[in-house]
Amino acid sequence: MAFSFSDHRRSSVWCRQRCLVPATLVLCSLLFCSTANAQKPGKPKGMKPGQESGQRGGGRGRNEPLLSEQLPVPFHGISNEDLTVLLQVVSRAKRWMVHDAAPESPFGSVRVRFAAAAPDADADDAVAESDDNLQVGLLVLAKLTLDQRKLLASVLADTIADEQKATQLDKQLCQVLQKVREQKQLNKVRSLETEARRDVQELGRVEGALAARQARIFAQLEKGLSNEQREALLLASGSAFVPESGLPGMHEVEAELKNADSQQRDELKRMARRFAAWTAQSAVAIPADSGDLLQPKKDRSPDPLLQNFLKMLLPPQQEEVRKVFDAELRRRRQQQQLATAAMATLQGLRAARMLDEKKVQQSTLACAQLQFTAALAEIVSFETIRQSVSKQQLEYLTGSGEQ
């Protein structure tokens, strides 16, 4: 008998504003770079906060020099590993300075995902919207019974509706951030936090509800798995590729899903993949802003974009970028703590029937507020730089100076 989603559709569901639909669960992204060490005796006088991270071994060999020493002085001491973060900051700064467009959403990492851990820190996002990941999700669905697939699909309509609501809130908050360009006196932009407060709180609430709902379904499904299913899902949770021709059972499930629209089909497959990770107890919160990462172990110099952009800036402008970078490291550490707390609460469903959803909400609310506050402070710094750039600097950013 064909499996239909008609009972789970909602007339109020509307199309997303993004090209890629975010995953369902909500957790702050875990910090994928190491945190800075505490200040140590003998540290050079005047070293900036975060520079001591350059003394760790992560991201460089024992005798490998710090690539940051090739950058302007304010950036000396940054570890090779943390140059990935600096590169992301610089990319965002350049976009804000050159393009008169709304900022990219800072809220991707509010969302929590039960994703299988990537084999290494620079691997592609484990839940990227790729055909391979959707195929793995389809494989997981093929390992479940029809009743189990129906149980997973029972939260599909609510999941999609809440995802769309979160996307709309995300868009509204980005519009608030865009108002920084309209401010003549940047010291007054904090009023935007008051304007955004209601939407920030609602975003945290929606994301917390999404996480709790999906964790409950995962815990319920897990209890009914056979040993054979558990073994199959364990293998699937570590898979990153499924043959295009498919594997036994996948075509039958695809036929069951023929009456669902593409959004429903894809979301169910993503949920199935996350369920496999949950079952394998390898669920992790992943960085949502990993982007194109610098490979410090292979390179002998920093990324050209990093070098050229930073050297183009005047010393006060460089100091402003350094301030943003240090704040970004602090933000990531805080999000790691929030993610750990939320994930521990959700995983507690394995041993208990009740979920303390209030704890999850506290984490997602705190993360949404953290994200907005950090994004606002960052954009104020970028706007400060933008208002101070010379004609020659702007020509360099937009013209032949970058070639």
# chains A, B, ... in the order shown; residues from 1 in each chain; ligands from 1

$ residues_around --residues "Arg213 in chain A" --least-positions-apart "2" --cutoff "12 Å" --atoms "only C-alpha atoms" --output "VMD selection string"
chain A and resid 24 to 26 152 154 to 159 162 206 to 211 215 to 220 271 346 349 355 to 357 360 to 361

$ write_last_selection --atoms "C-alpha atoms" --output "PDB file, in the first residue's frame"
ATOM      1  CA  THR A  24      14.986  20.641  11.457  1.00  0.00           C
ATOM      2  CA  LEU A  25      16.641  20.437  14.822  1.00  0.00           C
ATOM      3  CA  VAL A  26      17.882  23.434  16.586  1.00  0.00           C
ATOM      4  CA  LEU A 152       8.661   9.784  11.653  1.00  0.00           C
ATOM      5  CA  SER A 154       3.818  12.331  11.867  1.00  0.00           C
ATOM      6  CA  VAL A 155       5.805  15.427  12.862  1.00  0.00           C
ATOM      7  CA  LEU A 156       6.648  16.444   9.313  1.00  0.00           C
ATOM      8  CA  ALA A 157       3.922  19.090   8.857  1.00  0.00           C
ATOM      9  CA  ASP A 158       4.690  20.768  12.197  1.00  0.00           C
ATOM     10  CA  THR A 159       8.395  20.585  11.455  1.00  0.00           C
ATOM     11  CA  ASP A 162       8.047  25.790  12.242  1.00  0.00           C
ATOM     12  CA  VAL A 206      10.504  28.005  17.800  1.00  0.00           C
ATOM     13  CA  GLU A 207      13.938  26.433  17.508  1.00  0.00           C
ATOM     14  CA  GLY A 208      13.649  24.918  20.987  1.00  0.00           C
ATOM     15  CA  ALA A 209      10.264  23.423  20.129  1.00  0.00           C
ATOM     16  CA  LEU A 210      11.693  21.925  16.928  1.00  0.00           C
ATOM     17  CA  ALA A 211      14.543  20.294  18.798  1.00  0.00           C
ATOM     18  CA  ALA A 215      14.151  14.313  19.920  1.00  0.00           C
ATOM     19  CA  ARG A 216      10.919  12.825  21.281  1.00  0.00           C
ATOM     20  CA  ILE A 217      10.181  11.093  17.970  1.00  0.00           C
ATOM     21  CA  PHE A 218      13.751   9.818  17.729  1.00  0.00           C
ATOM     22  CA  ALA A 219      13.610   8.382  21.249  1.00  0.00           C
ATOM     23  CA  GLN A 220      10.271   6.715  20.530  1.00  0.00           C
ATOM     24  CA  MET A 271      15.155  13.676   9.460  1.00  0.00           C
ATOM     25  CA  LEU A 346      17.828  16.076  24.602  1.00  0.00           C
ATOM     26  CA  LEU A 349      15.338  11.076  26.700  1.00  0.00           C
ATOM     27  CA  LEU A 355      12.023  15.869  28.601  1.00  0.00           C
ATOM     28  CA  ASP A 356      12.819  19.105  30.386  1.00  0.00           C
ATOM     29  CA  GLU A 357      11.878  21.268  27.426  1.00  0.00           C
ATOM     30  CA  VAL A 360      16.259  23.244  25.901  1.00  0.00           C
ATOM     31  CA  GLN A 361      14.355  26.514  25.475  1.00  0.00           C
TER      32      GLN A 361
END

$ closest_atom_pairs --of "range 331-357 of chain A" --to "range 362-382 of chain A" --cutoff "9 Å" --atoms "only C-alpha atoms" --output "CSV"
residue,atom,partner,partner_atom,distance
A:Arg331,CA,A:Ala374,CA,7.2
A:Gln334,CA,A:Leu370,CA,8.4
A:Gln335,CA,A:Cys367,CA,6.6
A:Leu338,CA,A:Ser363,CA,5.4
A:Ala339,CA,A:Ser363,CA,7.3
A:Ala341,CA,A:Ser363,CA,7.1
A:Ala342,CA,A:Ser363,CA,5.9
A:Glu357,CA,A:Gln362,CA,8.6

$ select_by_dssp --residues "range 170-377 of chain A" --states "helix (DSSP H, G or I)" --output "PDB file with C-alpha atoms, in the first residue's frame"
ATOM      1  CA  ASP A 170      15.430  35.107  10.492  1.00  0.00           C
ATOM      2  CA  LYS A 171      14.617  37.328   7.509  1.00  0.00           C
ATOM      3  CA  GLN A 172      12.984  39.968   9.719  1.00  0.00           C
ATOM      4  CA  LEU A 173      16.005  40.092  12.025  1.00  0.00           C
ATOM      5  CA  CYS A 174      18.349  40.478   9.050  1.00  0.00           C
ATOM      6  CA  GLN A 175      16.274  43.465   7.973  1.00  0.00           C
ATOM      7  CA  VAL A 176      16.798  44.982  11.429  1.00  0.00           C
ATOM      8  CA  LEU A 177      20.545  44.453  11.104  1.00  0.00           C
ATOM      9  CA  GLN A 178      20.476  46.147   7.726  1.00  0.00           C
ATOM     10  CA  LYS A 179      19.237  49.337   9.421  1.00  0.00           C
ATOM     11  CA  VAL A 180      22.766  49.889  10.721  1.00  0.00           C
ATOM     12  CA  ARG A 181      23.520  51.441   7.324  1.00  0.00           C
ATOM     13  CA  GLU A 182      20.819  54.031   7.960  1.00  0.00           C
ATOM     14  CA  LEU A 186      26.555  54.400  15.328  1.00  0.00           C
ATOM     15  CA  ASN A 187      26.548  54.765  19.099  1.00  0.00           C
ATOM     16  CA  LYS A 188      22.744  54.706  18.967  1.00  0.00           C
ATOM     17  CA  SER A 191      18.147  50.656  20.108  1.00  0.00           C
ATOM     18  CA  LEU A 192      17.882  48.020  17.374  1.00  0.00           C
ATOM     19  CA  GLU A 193      18.222  45.333  20.041  1.00  0.00           C
ATOM     20  CA  THR A 194      15.017  46.585  21.627  1.00  0.00           C
ATOM     21  CA  GLU A 195      13.305  46.569  18.245  1.00  0.00           C
ATOM     22  CA  ALA A 196      14.405  42.984  17.598  1.00  0.00           C
ATOM     23  CA  ARG A 197      13.785  41.570  21.077  1.00  0.00           C
ATOM     24  CA  ARG A 198      10.393  39.995  20.376  1.00  0.00           C
ATOM     25  CA  ASP A 199      11.546  38.287  17.169  1.00  0.00           C
ATOM     26  CA  VAL A 200      14.759  37.041  18.810  1.00  0.00           C
ATOM     27  CA  GLN A 201      12.779  35.478  21.650  1.00  0.00           C
ATOM     28  CA  GLU A 202      10.291  33.915  19.242  1.00  0.00           C
ATOM     29  CA  LEU A 203      13.115  32.487  17.131  1.00  0.00           C
ATOM     30  CA  GLY A 204      14.651  30.853  20.192  1.00  0.00           C
ATOM     31  CA  ARG A 205      11.263  29.471  21.236  1.00  0.00           C
ATOM     32  CA  VAL A 206      10.504  28.005  17.800  1.00  0.00           C
ATOM     33  CA  GLU A 207      13.938  26.433  17.508  1.00  0.00           C
ATOM     34  CA  GLY A 208      13.649  24.918  20.987  1.00  0.00           C
ATOM     35  CA  ALA A 209      10.264  23.423  20.129  1.00  0.00           C
ATOM     36  CA  LEU A 210      11.693  21.925  16.928  1.00  0.00           C
ATOM     37  CA  ALA A 211      14.543  20.294  18.798  1.00  0.00           C
ATOM     38  CA  ALA A 212      12.316  18.858  21.505  1.00  0.00           C
ATOM     39  CA  ARG A 213       9.728  17.529  19.058  1.00  0.00           C
ATOM     40  CA  GLN A 214      12.258  15.723  16.947  1.00  0.00           C
ATOM     41  CA  ALA A 215      14.151  14.313  19.920  1.00  0.00           C
ATOM     42  CA  ARG A 216      10.919  12.825  21.281  1.00  0.00           C
ATOM     43  CA  ILE A 217      10.181  11.093  17.970  1.00  0.00           C
ATOM     44  CA  PHE A 218      13.751   9.818  17.729  1.00  0.00           C
ATOM     45  CA  ALA A 219      13.610   8.382  21.249  1.00  0.00           C
ATOM     46  CA  GLN A 220      10.271   6.715  20.530  1.00  0.00           C
ATOM     47  CA  LEU A 221      11.480   5.239  17.252  1.00  0.00           C
ATOM     48  CA  GLU A 222      14.712   4.003  18.770  1.00  0.00           C
ATOM     49  CA  LYS A 223      12.896   1.879  21.348  1.00  0.00           C
ATOM     50  CA  ASN A 227      19.054  -5.421  16.444  1.00  0.00           C
ATOM     51  CA  GLU A 228      19.342  -5.756  12.667  1.00  0.00           C
ATOM     52  CA  GLN A 229      17.936  -2.261  12.182  1.00  0.00           C
ATOM     53  CA  ARG A 230      20.307  -0.829  14.747  1.00  0.00           C
ATOM     54  CA  GLU A 231      23.282  -2.299  12.939  1.00  0.00           C
ATOM     55  CA  ALA A 232      22.027  -0.959   9.602  1.00  0.00           C
ATOM     56  CA  LEU A 233      21.483   2.529  11.005  1.00  0.00           C
ATOM     57  CA  LEU A 234      24.892   2.473  12.644  1.00  0.00           C
ATOM     58  CA  LEU A 235      26.467   1.848   9.233  1.00  0.00           C
ATOM     59  CA  ALA A 236      24.260   4.470   7.582  1.00  0.00           C
ATOM     60  CA  SER A 237      25.150   7.113  10.183  1.00  0.00           C
ATOM     61  CA  MET A 250      15.247   2.402  -1.621  1.00  0.00           C
ATOM     62  CA  HIS A 251      13.239   2.383  -4.849  1.00  0.00           C
ATOM     63  CA  GLU A 252      10.196   1.021  -3.018  1.00  0.00           C
ATOM     64  CA  VAL A 253      10.354   3.828  -0.446  1.00  0.00           C
ATOM     65  CA  GLU A 254      10.822   6.398  -3.193  1.00  0.00           C
ATOM     66  CA  ALA A 255       7.601   5.100  -4.738  1.00  0.00           C
ATOM     67  CA  GLU A 256       5.822   5.533  -1.389  1.00  0.00           C
ATOM     68  CA  LEU A 257       6.858   9.176  -1.336  1.00  0.00           C
ATOM     69  CA  LYS A 258       5.585   9.962  -4.827  1.00  0.00           C
ATOM     70  CA  ASN A 259       2.474  11.760  -3.516  1.00  0.00           C
ATOM     71  CA  SER A 262       9.755  17.720  -2.987  1.00  0.00           C
ATOM     72  CA  GLN A 263      10.018  19.760   0.217  1.00  0.00           C
ATOM     73  CA  GLN A 264       8.286  17.038   2.231  1.00  0.00           C
ATOM     74  CA  ARG A 265      10.347  14.275   0.654  1.00  0.00           C
ATOM     75  CA  ASP A 266      13.650  16.021   1.262  1.00  0.00           C
ATOM     76  CA  GLU A 267      12.822  17.019   4.832  1.00  0.00           C
ATOM     77  CA  LEU A 268      11.807  13.447   5.707  1.00  0.00           C
ATOM     78  CA  LYS A 269      15.094  12.153   4.293  1.00  0.00           C
ATOM     79  CA  ARG A 270      17.057  14.684   6.334  1.00  0.00           C
ATOM     80  CA  MET A 271      15.155  13.676   9.460  1.00  0.00           C
ATOM     81  CA  ALA A 272      15.913  10.023   8.750  1.00  0.00           C
ATOM     82  CA  ARG A 273      19.612  10.715   8.423  1.00  0.00           C
ATOM     83  CA  ARG A 274      19.629  12.588  11.712  1.00  0.00           C
ATOM     84  CA  PHE A 275      17.749   9.740  13.337  1.00  0.00           C
ATOM     85  CA  ALA A 276      20.508   7.365  12.255  1.00  0.00           C
ATOM     86  CA  ALA A 277      23.075   9.614  13.932  1.00  0.00           C
ATOM     87  CA  TRP A 278      20.928   9.770  17.074  1.00  0.00           C
ATOM     88  CA  THR A 279      20.659   5.972  17.157  1.00  0.00           C
ATOM     89  CA  PRO A 304      45.606  35.923  -0.448  1.00  0.00           C
ATOM     90  CA  LEU A 305      42.217  37.458   0.380  1.00  0.00           C
ATOM     91  CA  LEU A 306      43.269  37.646   4.006  1.00  0.00           C
ATOM     92  CA  GLN A 307      46.654  39.197   3.260  1.00  0.00           C
ATOM     93  CA  ASN A 308      45.458  41.688   0.670  1.00  0.00           C
ATOM     94  CA  PHE A 309      42.438  42.879   2.590  1.00  0.00           C
ATOM     95  CA  LEU A 310      44.217  43.350   5.908  1.00  0.00           C
ATOM     96  CA  LYS A 311      47.225  45.085   4.359  1.00  0.00           C
ATOM     97  CA  MET A 312      44.900  47.451   2.523  1.00  0.00           C
ATOM     98  CA  PRO A 315      46.049  50.579  11.493  1.00  0.00           C
ATOM     99  CA  PRO A 316      42.816  51.775  13.217  1.00  0.00           C
ATOM    100  CA  GLN A 317      40.783  49.747  10.734  1.00  0.00           C
ATOM    101  CA  GLN A 318      42.952  46.691  11.355  1.00  0.00           C
ATOM    102  CA  GLU A 319      42.367  47.086  15.084  1.00  0.00           C
ATOM    103  CA  GLU A 320      38.615  47.089  14.433  1.00  0.00           C
ATOM    104  CA  VAL A 321      38.866  43.807  12.495  1.00  0.00           C
ATOM    105  CA  ARG A 322      40.974  42.320  15.284  1.00  0.00           C
ATOM    106  CA  LYS A 323      38.281  43.318  17.784  1.00  0.00           C
ATOM    107  CA  VAL A 324      35.663  41.509  15.707  1.00  0.00           C
ATOM    108  CA  PHE A 325      37.859  38.410  15.463  1.00  0.00           C
ATOM    109  CA  ASP A 326      38.402  38.241  19.240  1.00  0.00           C
ATOM    110  CA  ALA A 327      34.662  38.666  19.824  1.00  0.00           C
ATOM    111  CA  GLU A 328      33.944  35.871  17.335  1.00  0.00           C
ATOM    112  CA  LEU A 329      36.162  33.451  19.264  1.00  0.00           C
ATOM    113  CA  ARG A 330      34.361  34.345  22.495  1.00  0.00           C
ATOM    114  CA  ARG A 331      30.978  33.885  20.824  1.00  0.00           C
ATOM    115  CA  ARG A 332      31.942  30.428  19.602  1.00  0.00           C
ATOM    116  CA  ARG A 333      33.066  29.369  23.078  1.00  0.00           C
ATOM    117  CA  GLN A 334      29.761  30.496  24.552  1.00  0.00           C
ATOM    118  CA  GLN A 335      27.818  28.661  21.881  1.00  0.00           C
ATOM    119  CA  GLN A 336      29.744  25.502  22.590  1.00  0.00           C
ATOM    120  CA  GLN A 337      28.590  25.632  26.194  1.00  0.00           C
ATOM    121  CA  LEU A 338      24.972  26.231  25.174  1.00  0.00           C
ATOM    122  CA  ALA A 339      25.127  23.420  22.617  1.00  0.00           C
ATOM    123  CA  THR A 340      26.562  20.970  25.113  1.00  0.00           C
ATOM    124  CA  ALA A 341      23.836  21.779  27.641  1.00  0.00           C
ATOM    125  CA  ALA A 342      21.010  21.463  25.134  1.00  0.00           C
ATOM    126  CA  MET A 343      22.316  18.243  23.606  1.00  0.00           C
ATOM    127  CA  ALA A 344      22.770  16.627  27.022  1.00  0.00           C
ATOM    128  CA  THR A 345      19.157  17.456  27.884  1.00  0.00           C
ATOM    129  CA  LEU A 346      17.828  16.076  24.602  1.00  0.00           C
ATOM    130  CA  GLN A 347      19.897  12.904  24.829  1.00  0.00           C
ATOM    131  CA  GLY A 348      18.503  12.410  28.339  1.00  0.00           C
ATOM    132  CA  LEU A 349      15.338  11.076  26.700  1.00  0.00           C
ATOM    133  CA  ARG A 350      17.170   7.772  26.321  1.00  0.00           C
ATOM    134  CA  GLU A 357      11.878  21.268  27.426  1.00  0.00           C
ATOM    135  CA  LYS A 358      12.359  24.399  29.499  1.00  0.00           C
ATOM    136  CA  LYS A 359      16.090  23.643  29.664  1.00  0.00           C
ATOM    137  CA  VAL A 360      16.259  23.244  25.901  1.00  0.00           C
ATOM    138  CA  GLN A 361      14.355  26.514  25.475  1.00  0.00           C
ATOM    139  CA  GLN A 362      16.778  28.286  27.784  1.00  0.00           C
ATOM    140  CA  SER A 363      19.687  27.211  25.597  1.00  0.00           C
ATOM    141  CA  THR A 364      18.073  28.125  22.272  1.00  0.00           C
ATOM    142  CA  LEU A 365      16.773  31.451  23.611  1.00  0.00           C
ATOM    143  CA  ALA A 366      20.221  32.307  24.957  1.00  0.00           C
ATOM    144  CA  CYS A 367      21.806  31.286  21.667  1.00  0.00           C
ATOM    145  CA  ALA A 368      19.412  33.386  19.567  1.00  0.00           C
ATOM    146  CA  GLN A 369      20.134  36.422  21.750  1.00  0.00           C
ATOM    147  CA  LEU A 370      23.859  35.743  21.612  1.00  0.00           C
ATOM    148  CA  GLN A 371      23.757  35.483  17.833  1.00  0.00           C
ATOM    149  CA  PHE A 372      21.834  38.696  17.319  1.00  0.00           C
ATOM    150  CA  THR A 373      23.918  40.709  19.786  1.00  0.00           C
ATOM    151  CA  ALA A 374      27.159  39.423  18.254  1.00  0.00           C
ATOM    152  CA  ALA A 375      25.925  40.062  14.704  1.00  0.00           C
ATOM    153  CA  LEU A 376      24.877  43.608  15.581  1.00  0.00           C
ATOM    154  CA  ALA A 377      28.235  44.394  17.205  1.00  0.00           C
TER     155      ALA A 377
END

$ residues_around --residues "range 91-98 of chain A" --least-positions-apart "2" --cutoff "6 Å" --atoms "only C-alpha atoms" --output "ChimeraX atom specification"
/A:88-89,382,386

$ write_last_selection --atoms "C-alpha atoms" --output "compact mmCIF listing (two decimals), in the first residue's frame"
# COMPACT_ATOMS: atom_id res chain seq x y z
CA GLN A 88 35.44 34.23 7.57
CA VAL A 89 35.40 37.55 9.43
CA PHE A 382 32.14 46.80 9.71
CA ARG A 386 33.16 51.33 5.74

$ select_by_dssp --residues "range 110-344 of chain A" --states "strand (DSSP E or B)" --output "NGL selection string"
:A and (115-116 or 283-284)

$ closest_residue --among "A:Ser105, A:Gln387, A:Ser79, A:Gln281" --to "Leu169 in chain A" --atoms "only C-alpha atoms"
A:Ser105
